[in-house]
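Containing CSV, C-alpha atoms: work18.csv.
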```
chain,number,residue,atom,x,y,z
O,1,MET,CA,125.3,15.2,85.7
O,2,THR,CA,124.9,11.6,86.8
O,3,ARG,CA,123.6,8.5,85.0
O,4,ARG,CA,122.5,5.0,85.8
O,5,VAL,CA,125.0,2.3,85.2
O,6,GLY,CA,125.1,-1.4,85.1
O,7,LYS,CA,128.7,-2.0,86.3
O,8,PRO,CA,130.2,-4.4,88.8
O,9,MET,CA,130.0,-3.6,92.5
O,10,THR,CA,132.2,-0.7,93.7
O,11,ALA,CA,133.7,0.1,97.1
O,12,ALA,CA,130.6,2.1,98.0
O,13,ALA,CA,128.2,-0.7,97.0
O,14,LEU,CA,130.3,-3.3,98.8
O,15,ALA,CA,130.5,-1.2,101.9
O,16,GLY,CA,126.8,-0.6,101.9
O,17,THR,CA,126.0,-4.2,101.3
O,18,ILE,CA,128.3,-5.4,104.1
O,19,VAL,CA,126.7,-2.9,106.5
O,20,LEU,CA,123.3,-3.9,105.4
O,21,ALA,CA,124.0,-7.7,105.7
O,22,LEU,CA,125.4,-7.2,109.2
O,23,SER,CA,122.3,-5.4,110.3
O,24,GLY,CA,120.0,-8.4,110.2
O,25,CYS,CA,116.9,-9.6,108.3
O,26,GLY,CA,114.2,-7.2,109.5
O,27,MET,CA,111.5,-9.8,110.2
O,28,THR,CA,108.1,-9.0,111.4
O,29,GLY,CA,107.3,-10.2,114.9
O,30,PRO,CA,104.5,-12.3,116.3
O,31,GLY,CA,101.1,-10.8,115.8
O,32,LYS,CA,102.3,-8.3,113.1
O,33,THR,CA,100.8,-9.4,109.9
O,34,MET,CA,101.3,-7.6,106.7
O,35,THR,CA,100.4,-8.8,103.2
O,36,ILE,CA,103.0,-9.1,100.4
O,37,ASP,CA,101.4,-6.2,98.5
O,38,GLU,CA,101.5,-4.0,101.6
O,39,ALA,CA,105.2,-4.9,102.2
O,40,ARG,CA,106.1,-4.1,98.6
O,41,SER,CA,104.1,-0.8,98.6
O,42,GLN,CA,105.7,0.3,101.9
O,43,ALA,CA,109.2,-0.4,100.5
O,44,VAL,CA,108.4,1.4,97.2
O,45,THR,CA,107.1,4.4,99.0
O,46,GLU,CA,110.3,4.6,101.1
O,47,LEU,CA,112.5,4.2,98.0
O,48,ARG,CA,110.6,6.9,96.2
O,49,SER,CA,110.9,9.3,99.1
O,50,VAL,CA,114.7,9.0,99.1
O,51,LEU,CA,115.0,9.3,95.3
O,52,GLU,CA,112.8,12.4,95.4
O,53,LEU,CA,115.4,14.1,97.7
O,54,ALA,CA,117.8,14.5,94.8
O,55,PRO,CA,115.7,14.2,91.5
O,56,ASP,CA,118.6,15.5,89.4
O,57,THR,CA,120.8,12.7,90.7
O,58,TRP,CA,118.6,9.7,91.1
O,59,PRO,CA,116.4,8.1,88.4
O,60,GLN,CA,112.8,8.3,89.5
O,61,GLU,CA,111.6,5.0,88.1
O,62,VAL,CA,111.4,2.1,90.6
O,63,PRO,CA,113.4,-1.0,89.6
O,64,LYS,CA,112.1,-4.5,89.7
O,65,PRO,CA,112.7,-6.0,93.2
O,66,VAL,CA,114.8,-9.0,94.0
O,67,ALA,CA,112.9,-11.6,96.1
O,68,ASN,CA,114.9,-12.9,99.0
O,69,ASP,CA,114.3,-15.8,101.4
O,70,CYS,CA,113.6,-15.0,105.0
O,71,GLN,CA,111.5,-16.4,107.8
O,72,VAL,CA,108.6,-15.1,109.9
O,73,ASP,CA,108.1,-17.1,113.1
O,74,GLY,CA,109.9,-20.1,111.6
O,75,GLN,CA,107.8,-20.1,108.4
O,76,LYS,CA,109.0,-19.5,104.8
O,77,ALA,CA,108.7,-15.9,103.9
O,78,VAL,CA,109.8,-13.3,101.3
O,79,GLN,CA,111.6,-9.9,101.5
O,80,PHE,CA,111.8,-7.6,98.5
O,81,SER,CA,115.0,-5.6,97.8
O,82,TYR,CA,115.0,-2.5,95.7
O,83,TYR,CA,118.4,-1.1,94.5
O,84,VAL,CA,119.2,2.0,92.6
O,85,GLU,CA,122.7,3.1,91.6
O,86,VAL,CA,124.1,6.2,89.9
O,87,ASP,CA,127.6,6.9,88.4
O,88,ARG,CA,129.7,9.9,89.5
O,89,PRO,CA,127.3,11.7,91.9
O,90,ASP,CA,127.9,15.5,92.1
O,91,ASP,CA,128.0,15.6,95.9
O,92,PRO,CA,128.2,12.1,97.5
O,93,GLN,CA,128.4,13.4,101.0
O,94,ALA,CA,125.3,15.5,100.5
O,95,LEU,CA,123.3,12.5,99.2
O,96,VAL,CA,124.2,10.5,102.3
O,97,GLY,CA,123.5,13.4,104.6
O,98,GLN,CA,120.1,14.1,103.0
O,99,ALA,CA,119.0,10.5,103.2
O,100,GLY,CA,120.2,10.1,106.8
O,101,GLU,CA,118.4,13.3,107.9
O,102,HIS,CA,115.2,12.1,106.1
O,103,TRP,CA,115.3,8.8,107.8
O,104,ARG,CA,116.1,10.3,111.2
O,105,LYS,CA,113.0,12.5,110.9
O,106,GLN,CA,110.9,9.5,110.1
O,107,GLY,CA,112.0,7.8,113.4
O,108,TYR,CA,114.6,5.4,112.0
O,109,GLU,CA,117.7,4.5,114.0
O,110,LEU,CA,120.8,5.2,112.0
O,111,ALA,CA,124.2,3.6,111.8
O,112,ALA,CA,126.6,5.8,109.8
O,113,THR,CA,130.1,5.0,108.6
O,114,ARG,CA,132.7,6.9,106.8
O,115,THR,CA,135.8,5.1,105.5
O,116,GLU,CA,138.8,6.7,103.7
O,117,MET,CA,139.7,5.0,100.5
O,118,ASP,CA,142.1,6.3,97.8
O,119,ALA,CA,142.2,9.7,96.0
O,120,GLU,CA,140.3,8.4,93.0
O,121,THR,CA,137.4,6.9,95.1
O,122,GLY,CA,137.3,9.4,97.9
O,123,ASP,CA,135.6,8.6,101.2
O,124,VAL,CA,132.9,5.9,101.4
O,125,SER,CA,130.0,7.3,103.3
O,126,ALA,CA,127.1,5.0,104.3
O,127,VAL,CA,124.0,5.1,106.4
O,128,VAL,CA,121.8,2.1,107.4
O,129,ALA,CA,118.4,3.0,108.7
O,130,ARG,CA,116.2,0.6,110.7
O,131,ALA,CA,112.9,1.0,112.6
O,132,ASP,CA,110.3,-1.4,113.8
O,133,GLY,CA,107.4,-1.8,111.4
O,134,LYS,CA,109.2,-0.1,108.5
O,135,PRO,CA,111.4,-1.2,105.6
O,136,ARG,CA,115.1,-1.3,106.1
O,137,ALA,CA,117.1,1.2,104.0
O,138,SER,CA,120.6,2.1,103.3
O,139,ILE,CA,122.7,4.5,101.2
O,140,ALA,CA,126.4,4.5,100.3
O,141,ALA,CA,128.3,6.9,98.1
O,142,THR,CA,131.8,7.8,96.8
O,143,LYS,CA,133.0,10.1,94.1
O,144,ILE,CA,132.7,7.1,91.7
O,145,ARG,CA,129.2,5.8,92.5
O,146,ALA,CA,126.3,6.0,94.9
O,147,HIS,CA,123.5,3.6,95.6
O,148,VAL,CA,120.3,3.4,97.7
O,149,ASN,CA,118.8,0.1,98.8
O,150,VAL,CA,115.4,-0.5,100.5
O,151,ASP,CA,114.4,-3.9,101.8
O,152,SER,CA,110.7,-4.6,102.5
O,153,ARG,CA,109.6,-6.1,105.7
O,154,CYS,CA,109.8,-9.9,105.7
O,155,VAL,CA,106.3,-11.3,105.1
O,156,LEU,CA,104.8,-14.8,104.7
O,157,GLY,CA,105.0,-16.0,101.2
O,158,ASP,CA,107.2,-18.1,98.8
O,159,PRO,CA,110.1,-16.1,97.3
O,160,ASP,CA,110.1,-18.5,94.3
O,161,ASP,CA,106.7,-17.1,93.3
O,162,TYR,CA,108.5,-13.7,92.7
O,163,ARG,CA,111.6,-14.8,90.9
```
Go ahead and express the file in the form of structure tokens.
Amino acid sequence: MTRRVGKPMTAAALAGTIVLALSGCGMTGPGKTMTIDEARSQAVTELRSVLELAPDTWPQEVPKPVANDCQVDGQKAVQFSYYVEVDRPDDPQALVGQAGEHWRKQGYELAATRTEMDAETGDVSAVVARADGKPRASIAATKIRAHVNVDSRCVLGDPDDYR
């Protein structure tokens, strides 16, 4: 059985965050307008679709997002990040595999990594999913912890209004 935790970042979380940070901001391009509500709704829908893949592992409630600074065509914009973490997943490799397959079927391009750690942690498996016009998503997991992260598309707005 797994449970949600509020602990410091683990190797899995760190690996996923690094991969996600290196993958870029996911801005919308010229002529592609989306409202803040649409961007948040799209990201929440994507997060829920991944959490529903393993309802006995992931909590089903959507956490409050973090509002991040970004830019759209040189203008101030906001991107919403949703992060869910669980402690001691029963099958970390299966979680990553399920999410990766789910995103592949939805037309996302995937970047997958697997890094050997120590005996206590096990391997760190991670997948970053990106597609034009969709939220960016990632998952990382070890025997100790797993997390899924979904970032909305970057849309015009002031992030300070959502902090």
Please, what distance in Å, to one decimal, runs between CA of Glu46 in chain O and CA of Pro135 in chain O?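 Pair CA of Glu46 in chain O / CA of Pro135 in chain O returns 7.4 Å.
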For Met34 in chain O, which residue among O:Thr57, O:Val78, O:Asp160, O:Asp118 is the nearest when counting all atoms listed in the file?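 Using all atoms listed in the file, Met34 in chain O sits closest to O:Val78.
When all atoms listed in the file are used to compute distances to Ala140 in chain O, the closest of the residues O:Gln60, O:Ser49, O:Ser41, O:Ser125 turns out to be O:Ser125.
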Who sits within 10 Å of Glu61 in chain O, all atoms listed in the file, same chain under 2 positions skipped, as a list in words: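 After dropping sequence-adjacent residues, the list is Leu47, Arg48, Leu51, Trp58, Pro59, Pro63, Lys64 and Val84 of chain O.
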State, in Å with one decimal place, the distance from CA of Val127 in chain O to CA of Tyr162 in chain O. 28.0 Å
Counting all atoms listed in the file, what is within 8 Å of range 151-153 of chain O, bar same-chain residues fewer than 6 positions away, as a list in words?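 My reading of the contact set: Gly26, Met27, Thr28, Ala39, Arg40, Gln42, Ala43, Gln79, Phe80, Ser81, Tyr82, Gly133, Lys134, Pro135, Arg136 and Ala137 of chain O.
The closest residue to Asp161 in chain O, picked from O:Asp87, O:Asp69, O:Glu120, O:Glu52 and counting all atoms listed in the file, is O:Asp69.
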Please indicate the distance in Å from CA of Val148 in chain O to CA of Lys76 in chain O, rounded to one decimal place.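 These atoms are spaced 26.5 Å apart.
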Name the residues in contact with Ala94 in chain O at a cut-off of 10 Å, using only C-alpha atoms, excluding same-chain residues fewer than 5 positions from it; report them as a list in words.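 What passes the distance filter is Ala54, Pro89, Ala99, Gly100, Ser125 and Ala141 of chain O.
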Do you know which residues are at most 12 Å from Lys105 in chain O counting all atoms listed in the file, after dropping those on the same chain fewer than 6 positions away, and could you put them as a list of chain:residue names? O:Gln98, O:Ala99, O:Ala129, O:Ala131
Identify which of the residues O:Ala119, O:Cys70, O:Ala126, O:Ala112 lies closest to Lys143 in chain O, counting all atoms listed in the file when measuring atom-to-atom distances.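 Once distances to Lys143 in chain O are computed over all atoms listed in the file, the minimum belongs to O:Ala119.
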List as a PyMOL selection string the residues having at least one atom at most 8 Å from position (134.7, 6.1, 108.8) as given in the file, counting all atoms listed in the file. chain O and resi 113-116+124-125
